[in-house]
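File shown: start27.txt. Contents: compact mmCIF, C-alpha atoms and all ligand atoms.
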```txt
# COMPACT_ATOMS: atom_id res chain seq x y z
CA MET H 1 -27.13 -6.75 -1.65
CA ARG H 2 -27.17 -3.50 -3.63
CA SER H 3 -28.19 -3.53 -7.28
CA PRO H 4 -25.22 -2.96 -9.60
CA LYS H 5 -27.16 0.07 -10.89
CA ASP H 6 -26.99 1.68 -7.45
CA PHE H 7 -23.33 0.93 -6.84
CA PHE H 8 -22.17 4.25 -8.24
CA ARG H 9 -24.84 6.40 -6.59
CA PRO H 10 -23.75 8.60 -3.66
CA LEU H 11 -24.72 7.09 -0.29
CA ALA H 12 -25.89 10.45 1.07
CA ILE H 13 -27.77 13.35 -0.53
CA GLY H 14 -25.22 15.97 -1.55
CA ALA H 15 -22.19 13.66 -1.38
CA PRO H 16 -19.91 13.58 -4.43
CA ASP H 17 -20.37 10.85 -7.03
CA PRO H 18 -18.26 7.73 -6.38
CA VAL H 19 -15.27 7.24 -8.68
CA ARG H 20 -15.57 4.75 -11.55
CA GLU H 21 -11.86 3.94 -11.75
CA ILE H 22 -9.20 3.99 -9.05
CA PRO H 23 -6.59 6.47 -10.21
CA PHE H 24 -3.14 4.93 -10.49
CA ARG H 25 -0.67 7.52 -9.24
CA PRO H 26 2.93 6.78 -8.26
CA SER H 27 2.57 4.94 -4.95
CA ARG H 28 5.95 3.38 -4.24
CA MET H 29 5.99 4.24 -0.57
CA ILE H 30 3.40 5.22 2.02
CA HIS H 31 5.55 7.15 4.46
CA PHE H 32 4.20 7.01 8.02
CA PHE H 33 4.65 9.86 10.46
CA ASP H 34 3.18 10.55 13.88
CA PRO H 35 1.49 13.98 13.74
CA SER H 36 1.78 14.33 17.54
CA ASN H 37 5.58 14.13 17.31
CA PRO H 38 6.97 17.67 16.71
CA LYS H 39 10.28 16.31 15.36
CA MET H 40 8.50 14.28 12.69
CA VAL H 41 6.09 17.10 11.84
CA ALA H 42 9.09 19.43 11.41
CA LYS H 43 10.40 17.06 8.72
CA VAL H 44 7.17 17.06 6.67
CA PRO H 45 8.09 19.98 4.33
CA ASP H 46 11.40 18.30 3.50
CA LEU H 47 9.96 14.77 3.19
CA ALA H 48 6.79 15.60 1.24
CA PRO H 49 8.47 16.12 -2.16
CA LYS H 50 10.58 12.96 -1.66
CA VAL H 51 7.71 10.54 -1.12
CA ASP H 52 4.76 9.45 -3.25
CA ILE H 53 2.38 9.22 -0.28
CA LEU H 54 2.65 10.85 3.12
CA LEU H 55 0.43 9.31 5.81
CA GLY H 56 -0.48 10.90 9.13
CA ASN H 57 -0.84 7.90 11.43
CA LEU H 58 -3.39 8.10 14.24
CA GLU H 59 -3.56 4.38 15.15
CA ASP H 60 -1.00 1.93 16.57
CA ALA H 61 2.39 3.51 17.45
CA VAL H 62 0.56 6.62 18.69
CA ALA H 63 0.14 6.37 22.48
CA ALA H 64 -3.40 6.69 23.87
CA GLU H 65 -2.57 9.98 25.59
CA HIS H 66 -1.37 11.43 22.25
CA LYS H 67 -4.37 10.45 20.12
CA GLU H 68 -6.01 13.87 20.22
CA ALA H 69 -2.73 15.71 19.66
CA ALA H 70 -2.05 13.47 16.64
CA ARG H 71 -5.47 14.26 15.15
CA ALA H 72 -4.96 18.00 15.74
CA GLY H 73 -1.41 17.81 14.38
CA LEU H 74 -2.65 16.20 11.18
CA VAL H 75 -5.27 18.92 10.76
CA GLU H 76 -2.45 21.50 10.95
CA VAL H 77 -0.37 19.59 8.39
CA GLY H 78 -3.41 19.29 6.11
CA ARG H 79 -4.23 23.00 6.29
CA SER H 80 -0.79 23.94 5.01
CA TRP H 81 -0.64 21.06 2.50
CA ASP H 82 -0.02 21.99 -1.13
CA PRO H 83 -1.48 19.21 -3.34
CA SER H 84 0.07 20.70 -6.49
CA GLY H 85 3.36 18.93 -5.67
CA GLY H 86 1.77 15.61 -6.68
CA THR H 87 2.36 13.86 -3.33
CA GLN H 88 -0.74 12.26 -1.89
CA LEU H 89 -1.83 12.93 1.70
CA TRP H 90 -3.37 9.98 3.50
CA THR H 91 -4.34 9.18 7.06
CA ARG H 92 -4.61 5.94 9.03
CA VAL H 93 -7.49 6.38 11.47
CA ASN H 94 -8.04 4.31 14.59
CA ALA H 95 -9.85 0.98 14.41
CA LEU H 96 -13.63 0.99 13.96
CA ASP H 97 -14.18 -0.43 17.47
CA SER H 98 -11.91 2.13 19.16
CA PRO H 99 -13.08 5.16 21.18
CA TRP H 100 -11.27 7.55 18.79
CA VAL H 101 -12.34 6.66 15.26
CA LEU H 102 -15.62 8.63 15.17
CA ASP H 103 -13.83 11.85 16.11
CA ASP H 104 -10.98 10.99 13.71
CA LEU H 105 -13.37 10.78 10.76
CA THR H 106 -15.71 13.63 11.67
CA THR H 107 -12.82 16.02 12.40
CA LEU H 108 -10.62 15.13 9.44
CA VAL H 109 -13.37 15.18 6.81
CA ALA H 110 -14.71 18.51 8.09
CA GLU H 111 -11.34 20.20 8.50
CA ILE H 112 -9.10 18.79 5.75
CA GLY H 113 -11.35 16.52 3.69
CA ASP H 114 -10.47 18.49 0.55
CA ARG H 115 -6.75 17.81 1.10
CA LEU H 116 -6.91 14.11 2.00
CA ASP H 117 -6.79 11.51 -0.77
CA VAL H 118 -7.24 8.22 1.09
CA VAL H 119 -8.34 7.01 4.52
CA MET H 120 -6.60 3.84 5.63
CA LEU H 121 -8.78 1.63 7.84
CA PRO H 122 -7.01 -0.82 10.15
CA LYS H 123 -8.20 -4.30 11.13
CA VAL H 124 -10.90 -4.58 8.47
CA GLU H 125 -12.64 -7.93 8.88
CA GLY H 126 -15.36 -7.99 6.25
CA ALA H 127 -17.53 -6.02 3.83
CA GLU H 128 -19.63 -4.74 6.75
CA ASP H 129 -16.70 -2.61 7.97
CA ILE H 130 -16.33 -1.00 4.55
CA HIS H 131 -20.10 -0.44 4.26
CA TYR H 132 -20.11 1.37 7.60
CA ALA H 133 -17.21 3.65 6.67
CA ASP H 134 -18.63 4.16 3.17
CA ARG H 135 -21.97 5.55 4.40
CA LEU H 136 -20.43 7.61 7.19
CA LEU H 137 -17.92 9.19 4.81
CA ALA H 138 -20.72 10.04 2.36
CA GLN H 139 -22.65 11.80 5.13
CA LEU H 140 -19.57 13.71 6.26
CA GLU H 141 -18.59 14.64 2.70
CA ALA H 142 -22.09 16.00 2.05
CA ARG H 143 -21.96 18.08 5.22
CA ALA H 144 -18.49 19.41 4.35
CA GLY H 145 -19.54 20.18 0.75
CA LEU H 146 -16.68 18.11 -0.70
CA GLN H 147 -16.44 17.87 -4.48
CA ARG H 148 -14.57 14.55 -4.67
CA PRO H 149 -14.97 11.41 -2.58
CA LEU H 150 -12.33 10.18 -0.17
CA LEU H 151 -11.06 6.72 -1.03
CA LEU H 152 -10.68 3.81 1.40
CA HIS H 153 -7.67 1.55 1.90
CA ALA H 154 -8.01 -1.51 4.16
CA ILE H 155 -5.27 -3.21 6.14
CA LEU H 156 -5.37 -6.99 5.95
CA GLU H 157 -4.34 -7.92 9.47
CA THR H 158 -6.77 -10.46 10.86
CA ALA H 159 -7.50 -14.05 9.86
CA ARG H 160 -11.11 -13.07 9.19
CA GLY H 161 -9.97 -10.21 6.97
CA VAL H 162 -7.84 -12.60 4.92
CA ALA H 163 -10.72 -15.09 4.67
CA ASN H 164 -13.01 -12.27 3.43
CA VAL H 165 -10.47 -10.46 1.30
CA GLU H 166 -12.42 -10.58 -1.98
CA GLU H 167 -15.65 -9.21 -0.47
CA ILE H 168 -13.65 -6.43 1.25
CA CYS H 169 -12.11 -5.35 -2.06
CA LEU H 170 -15.50 -5.38 -3.83
CA ALA H 171 -17.50 -3.73 -1.03
CA SER H 172 -17.45 -0.14 -2.34
CA PRO H 173 -16.32 1.94 -5.31
CA ARG H 174 -14.26 3.86 -2.74
CA MET H 175 -11.94 0.87 -2.24
CA GLN H 176 -8.50 2.04 -3.39
CA GLY H 177 -6.32 -0.79 -2.16
CA LEU H 178 -5.08 -3.12 0.54
CA SER H 179 -1.95 -3.34 2.67
CA LEU H 180 -0.60 -6.42 4.37
CA GLY H 181 -0.35 -5.87 8.14
CA PRO H 182 2.04 -8.67 9.15
CA ALA H 183 2.36 -7.84 12.86
CA ASP H 184 -1.32 -7.79 13.82
CA LEU H 185 -1.97 -10.64 11.41
CA ALA H 186 0.73 -12.78 13.04
CA ALA H 187 -0.81 -12.16 16.47
CA ASP H 188 -4.36 -12.83 15.27
CA ARG H 189 -3.32 -16.08 13.59
CA ARG H 190 -1.18 -17.14 16.57
CA MET H 191 1.87 -17.31 14.34
CA LYS H 192 4.99 -17.66 16.51
CA THR H 193 6.98 -14.76 15.17
CA THR H 194 7.58 -11.54 17.07
CA ARG H 195 9.00 -9.75 14.01
CA VAL H 196 7.27 -7.07 11.92
CA GLY H 197 7.33 -8.64 8.46
CA GLY H 198 10.34 -10.41 6.99
CA GLY H 199 11.32 -14.05 7.24
CA HIS H 200 12.13 -16.28 10.18
CA PRO H 201 15.15 -18.60 10.38
CA GLY H 202 12.96 -21.40 11.74
CA TYR H 203 10.65 -21.44 8.70
CA LEU H 204 12.77 -23.44 6.28
CA VAL H 205 13.09 -26.49 4.09
CA ARG H 206 16.07 -28.90 4.31
CA GLU H 207 17.58 -31.05 1.61
CA ASP H 208 17.26 -34.83 1.84
CA PRO H 209 19.91 -36.75 3.83
CA PRO H 210 22.75 -37.88 1.52
CA ASP H 211 22.75 -41.71 1.37
CA GLY H 212 20.19 -41.76 4.18
CA ASP H 213 22.66 -40.20 6.64
CA VAL H 214 20.36 -37.98 8.72
CA ASP H 215 23.33 -36.69 10.75
CA ALA H 216 25.17 -35.32 7.69
CA SER H 217 25.33 -31.60 7.16
CA ARG H 218 22.47 -30.54 4.84
CA ALA H 219 21.65 -27.29 3.08
CA THR H 220 18.55 -25.40 4.22
CA ALA H 221 16.71 -22.52 2.63
CA GLN H 222 14.61 -20.04 4.57
CA GLN H 223 11.06 -19.72 3.21
CA ASP H 224 8.77 -16.70 2.94
CA LEU H 225 6.17 -16.57 5.74
CA TRP H 226 4.12 -13.99 3.83
CA HIS H 227 4.02 -15.47 0.36
CA TYR H 228 0.53 -16.95 0.66
CA THR H 229 -1.07 -13.82 2.06
CA VAL H 230 0.63 -11.38 -0.33
CA ALA H 231 -0.35 -13.55 -3.29
CA ARG H 232 -3.97 -13.75 -2.09
CA MET H 233 -4.06 -10.03 -1.57
CA VAL H 234 -2.67 -9.34 -5.05
CA ASP H 235 -5.31 -11.55 -6.69
CA ALA H 236 -8.16 -10.02 -4.69
CA CYS H 237 -7.01 -6.53 -5.65
CA GLY H 238 -6.71 -7.59 -9.30
CA VAL H 239 -10.33 -8.83 -9.26
CA ALA H 240 -11.52 -5.44 -7.99
CA GLY H 241 -9.19 -3.20 -10.00
CA ILE H 242 -7.55 -1.81 -6.86
CA LEU H 243 -3.95 -1.60 -5.62
CA PRO H 244 -2.04 -4.02 -3.35
CA PHE H 245 0.76 -2.81 -1.03
CA TYR H 246 3.17 -4.65 1.23
CA GLY H 247 3.01 -3.06 4.72
CA PRO H 248 5.68 -2.43 7.36
CA PHE H 249 9.16 -3.88 7.79
CA GLY H 250 10.09 -3.37 11.42
CA ASP H 251 13.84 -4.07 11.46
CA ILE H 252 14.82 -0.53 10.49
CA LYS H 253 18.57 -1.26 10.72
CA ASP H 254 18.37 -4.29 8.39
CA THR H 255 18.05 -2.36 5.15
CA VAL H 256 19.14 -5.40 3.11
CA ALA H 257 16.33 -7.64 4.37
CA CYS H 258 13.89 -4.75 4.00
CA GLU H 259 14.88 -4.44 0.35
CA ASP H 260 14.40 -8.20 -0.13
CA GLN H 261 10.93 -8.12 1.43
CA PHE H 262 9.92 -5.12 -0.69
CA ARG H 263 11.30 -6.73 -3.86
CA ASN H 264 9.38 -9.97 -3.28
CA ALA H 265 6.22 -7.90 -2.97
CA TYR H 266 7.07 -5.87 -6.10
CA LEU H 267 7.67 -9.00 -8.16
CA LEU H 268 4.39 -10.54 -7.00
CA GLY H 269 2.41 -7.45 -8.06
CA CYS H 270 2.41 -4.94 -5.19
CA VAL H 271 2.73 -1.28 -6.18
CA GLY H 272 4.44 -0.07 -3.00
CA ALA H 273 5.20 -0.61 0.69
CA TRP H 274 5.14 1.39 3.92
CA SER H 275 8.19 3.33 5.03
CA LEU H 276 8.37 3.72 8.80
CA HIS H 277 11.67 5.60 8.94
CA PRO H 278 13.31 8.01 6.48
CA VAL H 279 15.93 5.34 5.65
CA GLN H 280 13.21 3.13 4.11
CA ILE H 281 12.02 5.80 1.64
CA GLY H 282 14.95 5.34 -0.75
CA ILE H 283 14.67 1.55 -0.54
CA ALA H 284 11.02 1.60 -1.60
CA LYS H 285 11.72 4.15 -4.32
CA GLN H 286 14.41 1.98 -5.84
CA VAL H 287 12.61 -1.36 -5.52
CA PHE H 288 9.20 -0.23 -6.79
CA SER H 289 10.63 1.60 -9.83
CA PRO H 290 11.42 -0.82 -12.67
CA GLU H 291 15.12 -1.13 -13.47
CA PRO H 292 16.18 0.83 -16.59
CA ALA H 293 17.40 -2.40 -18.23
CA GLU H 294 13.95 -3.96 -17.72
CA VAL H 295 12.30 -0.91 -19.27
CA ALA H 296 14.70 -0.98 -22.25
CA TRP H 297 13.91 -4.68 -22.77
CA ALA H 298 10.17 -4.04 -22.54
CA LYS H 299 10.51 -1.31 -25.19
CA ARG H 300 12.37 -3.70 -27.49
CA VAL H 301 9.72 -6.40 -27.10
CA VAL H 302 6.86 -3.97 -27.77
CA GLU H 303 8.62 -2.60 -30.86
CA ALA H 304 9.41 -6.09 -32.15
CA MET H 305 5.82 -7.24 -31.61
CA GLY H 306 4.25 -4.51 -33.76
CA ASP H 307 0.46 -4.75 -33.24
CA GLY H 308 1.02 -7.09 -30.28
CA THR H 309 -0.06 -10.34 -31.98
CA GLY H 310 1.90 -13.30 -33.31
CA ALA H 311 5.25 -14.68 -32.12
CA VAL H 312 8.83 -13.48 -32.61
CA MET H 313 12.26 -14.45 -31.28
CA LEU H 314 14.33 -11.84 -29.44
CA ASP H 315 17.78 -12.77 -28.09
CA GLY H 316 16.75 -16.42 -28.19
CA LYS H 317 13.54 -15.83 -26.21
CA MET H 318 10.04 -16.37 -27.56
CA GLN H 319 7.77 -13.31 -27.46
CA ASP H 320 4.02 -13.36 -28.11
CA ASP H 321 0.78 -11.62 -27.17
CA ALA H 322 1.25 -12.50 -23.48
CA THR H 323 4.84 -11.27 -23.14
CA TYR H 324 3.71 -8.11 -24.98
CA LYS H 325 1.19 -7.54 -22.16
CA GLN H 326 3.84 -8.25 -19.49
CA CYS H 327 6.06 -5.63 -21.10
CA GLN H 328 3.18 -3.13 -21.25
CA VAL H 329 2.81 -3.51 -17.45
CA VAL H 330 6.45 -2.48 -17.00
CA LEU H 331 6.19 0.35 -19.53
CA ASP H 332 2.94 1.74 -18.09
CA LEU H 333 4.55 1.87 -14.64
CA ALA H 334 7.76 3.40 -16.01
CA ARG H 335 5.83 6.10 -17.89
CA SER H 336 3.74 7.01 -14.87
CA LEU H 337 6.85 7.24 -12.65
CA ALA H 338 8.77 9.20 -15.29
CA GLU H 339 6.05 11.86 -15.30
CA ARG H 340 6.74 12.47 -11.62
CA ASP H 341 10.50 11.96 -11.60
CA PRO H 342 12.70 13.68 -14.25
CA ASP H 343 15.75 11.53 -13.24
CA LEU H 344 13.79 8.35 -13.99
CA ALA H 345 12.49 9.85 -17.25
CA ARG H 346 16.12 10.30 -18.34
CA GLU H 347 17.17 6.81 -17.19
CA TYR H 348 14.21 5.24 -18.96
CA ASP H 349 14.66 7.41 -22.04
CA LEU H 350 10.88 7.96 -22.15
O1 LIG M 401 17.04 13.95 13.80
P1 LIG M 401 15.84 14.19 14.67
O2 LIG M 401 16.06 13.78 16.10
O3 LIG M 401 15.28 15.56 14.51
O4 LIG M 401 14.68 13.21 14.08
C1 LIG M 401 14.79 11.82 14.17
C2 LIG M 401 13.39 11.23 14.10
O5 LIG M 401 12.43 12.02 14.78
C3 LIG M 401 13.13 11.26 12.59
N1 LIG M 401 12.18 10.22 12.18
C4 LIG M 401 11.18 10.46 11.32
N2 LIG M 401 10.78 11.55 10.68
C5 LIG M 401 9.70 11.44 9.87
N3 LIG M 401 9.02 10.28 9.69
C6 LIG M 401 9.39 9.17 10.34
N4 LIG M 401 8.68 8.04 10.19
C7 LIG M 401 10.52 9.23 11.19
N5 LIG M 401 11.16 8.31 11.95
C8 LIG M 401 12.17 8.94 12.54
O6 LIG M 401 14.37 10.98 11.99
C9 LIG M 401 15.45 11.30 12.89
C10 LIG M 401 16.27 10.05 13.11
O7 LIG M 401 15.47 9.10 13.74
P2 LIG M 401 16.11 7.87 14.55
O8 LIG M 401 16.92 7.06 13.61
O9 LIG M 401 16.80 8.38 15.76
O10 LIG M 401 14.85 7.01 14.93
P3 LIG M 401 13.90 7.17 16.20
O11 LIG M 401 14.45 6.29 17.29
O12 LIG M 401 13.67 8.60 16.53
O13 LIG M 401 12.53 6.57 15.66
C11 LIG M 401 12.45 5.22 15.24
C12 LIG M 401 10.97 4.88 15.16
C13 LIG M 401 10.83 3.52 14.55
C14 LIG M 401 10.36 4.88 16.58
C15 LIG M 401 10.28 5.96 14.27
O14 LIG M 401 10.90 5.93 13.02
C16 LIG M 401 8.79 5.79 14.13
O15 LIG M 401 8.05 6.03 15.07
N6 LIG M 401 8.37 5.44 12.93
C17 LIG M 401 6.96 5.29 12.62
C18 LIG M 401 6.42 4.05 13.27
C19 LIG M 401 5.00 3.78 12.84
O16 LIG M 401 4.36 4.59 12.19
N7 LIG M 401 4.47 2.62 13.21
C20 LIG M 401 3.13 2.27 12.82
C21 LIG M 401 3.11 1.51 11.52
S1 LIG M 401 3.68 -0.15 11.66
C22 LIG M 401 2.35 -0.95 12.35
O17 LIG M 401 1.31 -0.44 12.51
C23 LIG M 401 2.52 -2.39 12.71
C24 LIG M 401 3.79 -2.81 13.15
MG MG M 402 -1.79 -3.12 12.71
```
Could I get this file's structure written as structure tokens?
Amino acid sequence: MRSPKDFFRPLAIGAPDPVREIPFRPSRMIHFFDPSNPKMVAKVPDLAPKVDILLGNLEDAVAAEHKEAARAGLVEVGRSWDPSGGTQLWTRVNALDSPWVLDDLTTLVAEIGDRLDVVMLPKVEGAEDIHYADRLLAQLEARAGLQRPLLLHAILETARGVANVEEICLASPRMQGLSLGPADLAADRRMKTTRVGGGHPGYLVREDPPDGDVDASRATAQQDLWHYTVARMVDACGVAGILPFYGPFGDIKDTVACEDQFRNAYLLGCVGAWSLHPVQIGIAKQVFSPEPAEVAWAKRVVEAMGDGTGAVMLDGKMQDDATYKQCQVVLDLARSLAERDPDLAREYDL
């Protein structure tokens, strides 16, 4: 185990100093595109200003014969990328045991390391995966002469990853956040769902039989398959001061259920979700931006609470030091989004 004193030292001579705090920038959606797909690449200039994070995906959903074209396509996108727009550029590289990941990392850091903000690592199983990527990135950053370190984001998509989630989050100062990967995780856990995120009609609770009549019609309520994992992920990220994200929702046509899944994640503490198709960008933007009425209420509470201590009544509801903090969470998010989005700034009156 490293000494806490060494935690913030670069892992290679000449590599930039690790960050002390993970910057919180608007991160409502991580929009995935396949850099080997010319139609998607053609949409990048139009999409970039509409999303908080644009991610060039090199892993699953990119066919094996397109892996090299995807890597080269992302290098092209990165070379013409203008970071002054405020949108972050991320990549998802191939898994650490794949034949492509070494070339993904060496090429991307050398060619566009100064444009990339975050490297998403799939199928992370424990701290050892983060330690490997941490040292390799430091070596590559030193060689490329980078001035700021790339951050790491891990996908939680194996049972072992979930079991080790706290040590993953705490493994490096580069750790920026986690995403839930419900499809790979379902397969790894032998869950019997073939959906990408979302609920399942079979996972339900049923009300008791009226008067013991088990044949009577009884109300059922579908339950959330992902509640446990999202909640665990949110707590682990909170411990490490990093950011939790819900991942993909695969039923692109079911925009209503997508919104529900995103909102559950938002309410539990996630800062954003993946968008796989342009139609999901607006859903994430709406869900992960606090509602103006919520912001107005938070402002009222903060004003009524003065220095933030004591207890007051507002519209029949008790407010105290804890609700003051809850309201500051909403206001901090609203202020950070308003800086990026003039429409929201007007709606929030900030
Ligand atoms: O109008 P055009 O024909 O010029 O363009 C199409 C399409 O190319 C484009 N489009 C996109 N553009 C940018 N980013 C995207 N993510 C994106 N998706 C589609 O929009 C136009 C309309 O598209 P469509 O409605 O006809 O949809 P398609 O059948 O072309 O594509 C649907 C899929 C789902 C295949 C496509 O959206 C896609 O590949 N999305 C990304 C999938 C992905 O990244 N998967 C990996 C993450 S999820 C995971 O790892 C675990 C499950
Ligand atoms: Mg996956």
Show me which residues are within 8 Å of ligand MG 402 (chain M) counting all atoms listed in the file, and format the list as a list in words. Asp60, Pro122, Lys123, Ile155, Glu157, Gly181, Pro182, Ala183, Asp184 and Leu185 of chain H
Write a file of the selected residues as a CSV table (one decimal), keeping the file's coordinate frame, keeping C-alpha atoms.
```
chain,number,residue,atom,x,y,z
H,60,ASP,CA,-1.0,1.9,16.6
H,122,PRO,CA,-7.0,-0.8,10.2
H,123,LYS,CA,-8.2,-4.3,11.1
H,155,ILE,CA,-5.3,-3.2,6.1
H,157,GLU,CA,-4.3,-7.9,9.5
H,181,GLY,CA,-0.4,-5.9,8.1
H,182,PRO,CA,2.0,-8.7,9.2
H,183,ALA,CA,2.4,-7.8,12.9
H,184,ASP,CA,-1.3,-7.8,13.8
H,185,LEU,CA,-2.0,-10.6,11.4
```
Considering all atoms listed in the file, return as a list in words whatever protein or nucleic-acid residues lie within 12 Å of Val41 of chain H, sequence-local ones (same chain, fewer than 5 positions apart) excluded. Phe32, Phe33, Asp34, Pro35, Ser36, Asp46, Leu47, Ala48, Leu54, Leu55, Gly56, Asn57, Ala69, Ala70, Ala72, Gly73, Leu74, Val75, Glu76, Val77, Gly78 and Ser80 of chain H
To one decimal place in Å, what is the distance between atom O17 of ligand LIG 401 (chain M) and atom CA of Gly269 of chain H? 21.8 Å
Using all atoms listed in the file, give me every residue within 9 Å of (-15.3, 9.1, -10.1) in file coordinates, as an mmCIF file with C-alpha atoms, keeping the file's coordinate frame.
```
data_model
loop_
_atom_site.group_PDB
_atom_site.id
_atom_site.type_symbol
_atom_site.label_atom_id
_atom_site.label_comp_id
_atom_site.auth_asym_id
_atom_site.auth_seq_id
_atom_site.Cartn_x
_atom_site.Cartn_y
_atom_site.Cartn_z
ATOM 1 C CA PHE H 8 -22.170 4.250 -8.240
ATOM 2 C CA PRO H 16 -19.910 13.580 -4.430
ATOM 3 C CA ASP H 17 -20.370 10.850 -7.030
ATOM 4 C CA PRO H 18 -18.260 7.730 -6.380
ATOM 5 C CA VAL H 19 -15.270 7.240 -8.680
ATOM 6 C CA ARG H 20 -15.570 4.750 -11.550
ATOM 7 C CA GLU H 21 -11.860 3.940 -11.750
ATOM 8 C CA ILE H 22 -9.200 3.990 -9.050
ATOM 9 C CA ARG H 148 -14.570 14.550 -4.670
ATOM 10 C CA PRO H 149 -14.970 11.410 -2.580
ATOM 11 C CA PRO H 173 -16.320 1.940 -5.310
#
```
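Considering the residues H:Leu116, H:Thr323, H:Leu136, H:Asn94 and counting all atoms listed in the file, Val62 of chain H has its shortest atom-to-atom contact with H:Asn94.
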Given all atoms listed in the file as the counted atoms, nearest of H:His200, H:His131, H:His277, H:Arg300 to Arg174 of chain H: H:His131
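For the residues H:Trp100, H:Phe249, H:Tyr348, H:Trp297, ranking by smallest atom-to-atom distance to Gln280 of chain H using all atoms listed in the file places H:Phe249 first.
Using all atoms listed in the file, the smallest distance between any of H:Glu166, H:Asp321, H:Glu59, H:Asp215 and ligand LIG 401 (chain M) comes from H:Glu59.
Each of H:Ser27, H:Gln147, H:Ser336, H:Thr107 was checked against Ala15 of chain H using only C-alpha atoms; the smallest atom-to-atom distance is that of H:Gln147.
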Please identify all polymer residues within 8 Å of Ala231 of chain H, counting all atoms listed in the file, omitting same-chain residues fewer than 4 positions from it, and present them as number ranges by chain. H: 227, 235, 268
Residue contacts of Gly113 of chain H (12 Å, all atoms listed in the file) excluding same-chain residues fewer than 3 positions away, as JSON, numbers by chain: {"H": [74, 75, 78, 79, 81, 89, 90, 91, 104, 105, 106, 107, 108, 109, 110, 116, 117, 118, 119, 137, 138, 140, 141, 142, 143, 144, 145, 146, 147, 148, 149, 150, 151]}
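The space between atom CA of Gly86 of chain H and atom CA of Val287 of chain H spans 20.2 Å.
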